[in-house]
Amino acid sequence: MGARVGALLLAQLLVRVELGRQEFQDQDQLFAGFENSSLLTWPCGRHKIEPRVVGGKDSELGRWPWQVSLRRGKRHRCGASLLNRRWVLTAAHCFEKHSDPSKWTAQIGELSSRPSSWKLWTFYHRYRVKDIIIYPQFSGTSLKDIALLKLSSSVTYNKYIQPICVLTSSSEFQNRTNCWVTGWGDIQEDQALPPPYILHEVPVSIINNSQCDYLLHQPSFLSNDLNDMICAGSEDGSRDACKGDSGGPLACEKKGLWIQVGIVSWGSGCGRPNRPGVYTNVSVYFNWIRMLLAHSHGVPRPAPCRPALLLPLLWPASLLQLA
């Protein structure tokens, strides 16, 4: 009797797990009528945990569930952010020398950039990259520094892995003082993130472009297309992104949702006074991102997870025991 009950309970549990997984997948969709929507996808921008980058502190697992570590070989190379189950957003300059997607993987849901190779969680949440799509007009300069990565398989959402939101406009975030940048980069100029290589987070202020242009003393460069960029940090240099943070998200909260407004792109050193970090303005590329995601939205769902495949084997056994 105990064996029969145990088999039935196990089968019932596996059915609930599979139904829950499908329910999560059904919620991951482009907004209905999304052509006229200010949000790219839904759900997005939610985390379960309430809230090294220069001047930052160690983060907590699940606080930034869209954070991605892009890896070539066995090492972290660039940051990125999860847009939906198949697409990751990052900086184009990460692939100037190495653009073969088969050499790259995306690690999601990890707090350390060097997680133990023995962790099953790490293995199951590391995804191969199928395609690297660099913005067509990117030419190796800091302008138009944006790329999308399509993953080879669909990401499984949980409380530690969630997508971030993208809006059509970031103008409302000008002069905001409570946005955040996250990454596994150097904690100071020429000072690498120490073991155990925990994700760092730091609050930064969004600096308007005219002030940023003045601070960087590069009007001939920045004035080419100020709308393509966002500056963030602090005038004293105490809060900034650094080497290894490239491609990671600059995020601001709006009515309980986290919006990615920038991608870590470049800067004049790290943490230098009057030298804020420069970020790609994500909203400028909203239509390009939307077009690529919409074009691939018909991708079939992944095959059932292993527990679901066990159900046909479990049911006959349990029925025979009940007979």
# chains A, B, ... in the order shown; residues from 1 in each chain; ligands from 1
>>> select_by_dssp(residues="stretch 68-197 of chain A", states="strand (DSSP E)", output="PyMOL selection string")
chain A and resi 68-72+75-82+87-90+104-108+126-134+147-151+179-183
>>> residues_around(residues="A:Cys94", least_positions_apart="6", cutoff="12 Å", atoms="only C-alpha atoms", output="PyMOL selection string")
chain A and resi 69-72+76-80+100-101+104+132-134+138+140-142+145-149+243-248+263-266
>>> closest_residue(among="A:Ile161, A:Ser139, A:Ile289, A:Phe123", to="A:Phe95", atoms="only C-alpha atoms")
A:Ser139
>>> residues_around(residues="stretch 81-85 of chain A", least_positions_apart="4", cutoff="7 Å", atoms="only C-alpha atoms", output="list in words")
Trp66, Gln67, Val68, Leu89, Thr90, Ser154, Val155, Pro163, Ile164, Gly248 and Pro249 of chain A
>>> write_last_selection(atoms="N, CA, C and O atoms", output="tab-separated table (two decimals), in the first residue's frame")
chain	number	residue	atom	x	y	z
A	66	TRP	N	17.92	39.21	-13.76
A	66	TRP	CA	18.15	39.30	-15.22
A	66	TRP	C	19.64	39.37	-15.56
A	66	TRP	O	20.00	39.39	-16.72
A	67	GLN	N	20.50	39.42	-14.54
A	67	GLN	CA	21.93	39.55	-14.78
A	67	GLN	C	22.48	38.27	-15.41
A	67	GLN	O	22.22	37.16	-14.95
A	68	VAL	N	23.26	38.45	-16.48
A	68	VAL	CA	23.85	37.33	-17.22
A	68	VAL	C	25.37	37.50	-17.26
A	68	VAL	O	25.88	38.62	-17.42
A	89	LEU	N	20.62	40.74	-23.99
A	89	LEU	CA	21.06	42.06	-24.48
A	89	LEU	C	22.44	42.38	-23.90
A	89	LEU	O	22.68	42.19	-22.70
A	90	THR	N	23.34	42.89	-24.75
A	90	THR	CA	24.69	43.20	-24.28
A	90	THR	C	25.33	44.25	-25.19
A	90	THR	O	24.66	44.87	-26.01
A	154	SER	N	15.50	27.46	-24.53
A	154	SER	CA	14.72	28.40	-23.74
A	154	SER	C	15.12	28.38	-22.27
A	154	SER	O	15.36	27.32	-21.69
A	155	VAL	N	15.17	29.56	-21.68
A	155	VAL	CA	15.51	29.72	-20.27
A	155	VAL	C	14.32	29.36	-19.40
A	155	VAL	O	13.16	29.67	-19.72
A	163	PRO	N	13.31	38.11	-16.55
A	163	PRO	CA	13.74	39.10	-17.54
A	163	PRO	C	13.57	40.53	-17.02
A	163	PRO	O	12.79	40.78	-16.10
A	164	ILE	N	14.29	41.46	-17.63
A	164	ILE	CA	14.18	42.87	-17.30
A	164	ILE	C	13.31	43.57	-18.35
A	164	ILE	O	13.17	43.07	-19.47
A	248	GLY	N	26.78	44.86	-19.32
A	248	GLY	CA	25.82	44.71	-18.23
A	248	GLY	C	24.78	45.81	-18.20
A	248	GLY	O	24.90	46.84	-18.88
A	249	PRO	N	23.74	45.65	-17.38
A	249	PRO	CA	22.63	46.60	-17.37
A	249	PRO	C	22.80	47.77	-16.41
A	249	PRO	O	23.34	47.63	-15.31
>>> closest_residue(among="A:Asn158, A:Thr122, A:Thr41, A:Asn178", to="A:Cys252", atoms="only C-alpha atoms")
A:Asn178
>>> closest_residue(among="A:Gln137, A:Ser205, A:Ser210, A:Thr156", to="A:Pro276", atoms="only C-alpha atoms")
A:Ser205
>>> residues_around(residues="A:Tyr285", least_positions_apart="4", cutoff="9 Å", atoms="only C-alpha atoms", output="VMD selection string")
chain A and resid 144 146 168 228 281 289 to 290
>>> atom_distance(atom1="atom CA of A:Gln174", atom2="atom CA of A:Leu143")
19.6 Å
>>> atom_distance(atom1="atom CA of A:Val204", atom2="atom CA of A:Val261")
12.3 Å
>>> residues_around(residues="A:Leu167", least_positions_apart="5", cutoff="8 Å", atoms="only C-alpha atoms", output="VMD selection string")
chain A and resid 38 to 40 259 to 261 283 286
>>> write_last_selection(atoms="all heavy atoms", output="short mmCIF file (atom, residue, chain, number, x, y, z; two decimals), in the first residue's frame")
data_model
loop_
_atom_site.label_atom_id
_atom_site.label_comp_id
_atom_site.auth_asym_id
_atom_site.auth_seq_id
_atom_site.Cartn_x
_atom_site.Cartn_y
_atom_site.Cartn_z
N SER A 38 4.62 50.69 -24.67
CA SER A 38 5.92 51.23 -24.27
C SER A 38 6.82 50.15 -23.68
O SER A 38 8.02 50.35 -23.52
CB SER A 38 5.73 52.36 -23.25
OG SER A 38 5.10 51.87 -22.09
N LEU A 39 6.26 48.98 -23.36
CA LEU A 39 7.04 47.87 -22.83
C LEU A 39 7.31 46.85 -23.94
O LEU A 39 6.45 46.62 -24.79
CB LEU A 39 6.31 47.18 -21.68
CG LEU A 39 6.46 47.76 -20.28
CD1 LEU A 39 5.60 46.97 -19.31
CD2 LEU A 39 7.90 47.75 -19.82
N LEU A 40 8.48 46.24 -23.89
CA LEU A 40 8.85 45.27 -24.91
C LEU A 40 8.16 43.93 -24.71
O LEU A 40 7.54 43.39 -25.63
CB LEU A 40 10.37 45.09 -24.90
CG LEU A 40 10.96 44.21 -25.99
CD1 LEU A 40 10.81 44.89 -27.34
CD2 LEU A 40 12.42 43.91 -25.71
N ILE A 259 13.52 48.79 -15.10
CA ILE A 259 13.68 49.12 -16.51
C ILE A 259 15.16 49.22 -16.83
O ILE A 259 15.91 49.89 -16.12
CB ILE A 259 13.00 50.46 -16.85
CG1 ILE A 259 11.58 50.54 -16.25
CG2 ILE A 259 13.01 50.71 -18.35
CD1 ILE A 259 10.63 49.53 -16.78
N GLN A 260 15.60 48.56 -17.91
CA GLN A 260 16.98 48.74 -18.34
C GLN A 260 17.05 49.96 -19.24
O GLN A 260 16.49 49.99 -20.33
CB GLN A 260 17.50 47.51 -19.09
CG GLN A 260 18.97 47.70 -19.50
CD GLN A 260 19.62 46.44 -20.03
OE1 GLN A 260 19.02 45.36 -20.01
NE2 GLN A 260 20.85 46.55 -20.49
N VAL A 261 17.79 50.97 -18.79
CA VAL A 261 17.92 52.20 -19.56
C VAL A 261 19.26 52.27 -20.28
O VAL A 261 19.41 53.01 -21.26
CB VAL A 261 17.74 53.45 -18.68
CG1 VAL A 261 16.35 53.46 -18.05
CG2 VAL A 261 18.80 53.54 -17.60
N SER A 283 16.75 52.61 -25.15
CA SER A 283 15.47 53.00 -25.76
C SER A 283 15.63 53.43 -27.21
O SER A 283 14.69 53.31 -28.01
CB SER A 283 14.81 54.11 -24.95
OG SER A 283 15.58 55.30 -24.98
N PHE A 286 14.92 50.44 -29.33
CA PHE A 286 13.72 49.68 -28.97
C PHE A 286 13.11 48.99 -30.19
O PHE A 286 12.77 47.81 -30.14
CB PHE A 286 12.70 50.62 -28.32
CG PHE A 286 11.44 49.93 -27.87
CD1 PHE A 286 11.34 49.40 -26.60
CD2 PHE A 286 10.35 49.81 -28.72
CE1 PHE A 286 10.19 48.76 -26.18
CE2 PHE A 286 9.19 49.18 -28.31
CZ PHE A 286 9.11 48.66 -27.03
#
>>> atom_distance(atom1="atom CA of A:Arg86", atom2="atom CA of A:Glu172")
28.6 Å
>>> residues_around(residues="A:Ile230", least_positions_apart="4", cutoff="9 Å", atoms="only C-alpha atoms", output="list in words")
Gln174, Ile206, Ile207, Asn208, Asn209, Cys212, Leu226, Val261, Gly262, Ile263, Gly277, Val278, Tyr279, Thr280 and Asn281 of chain A
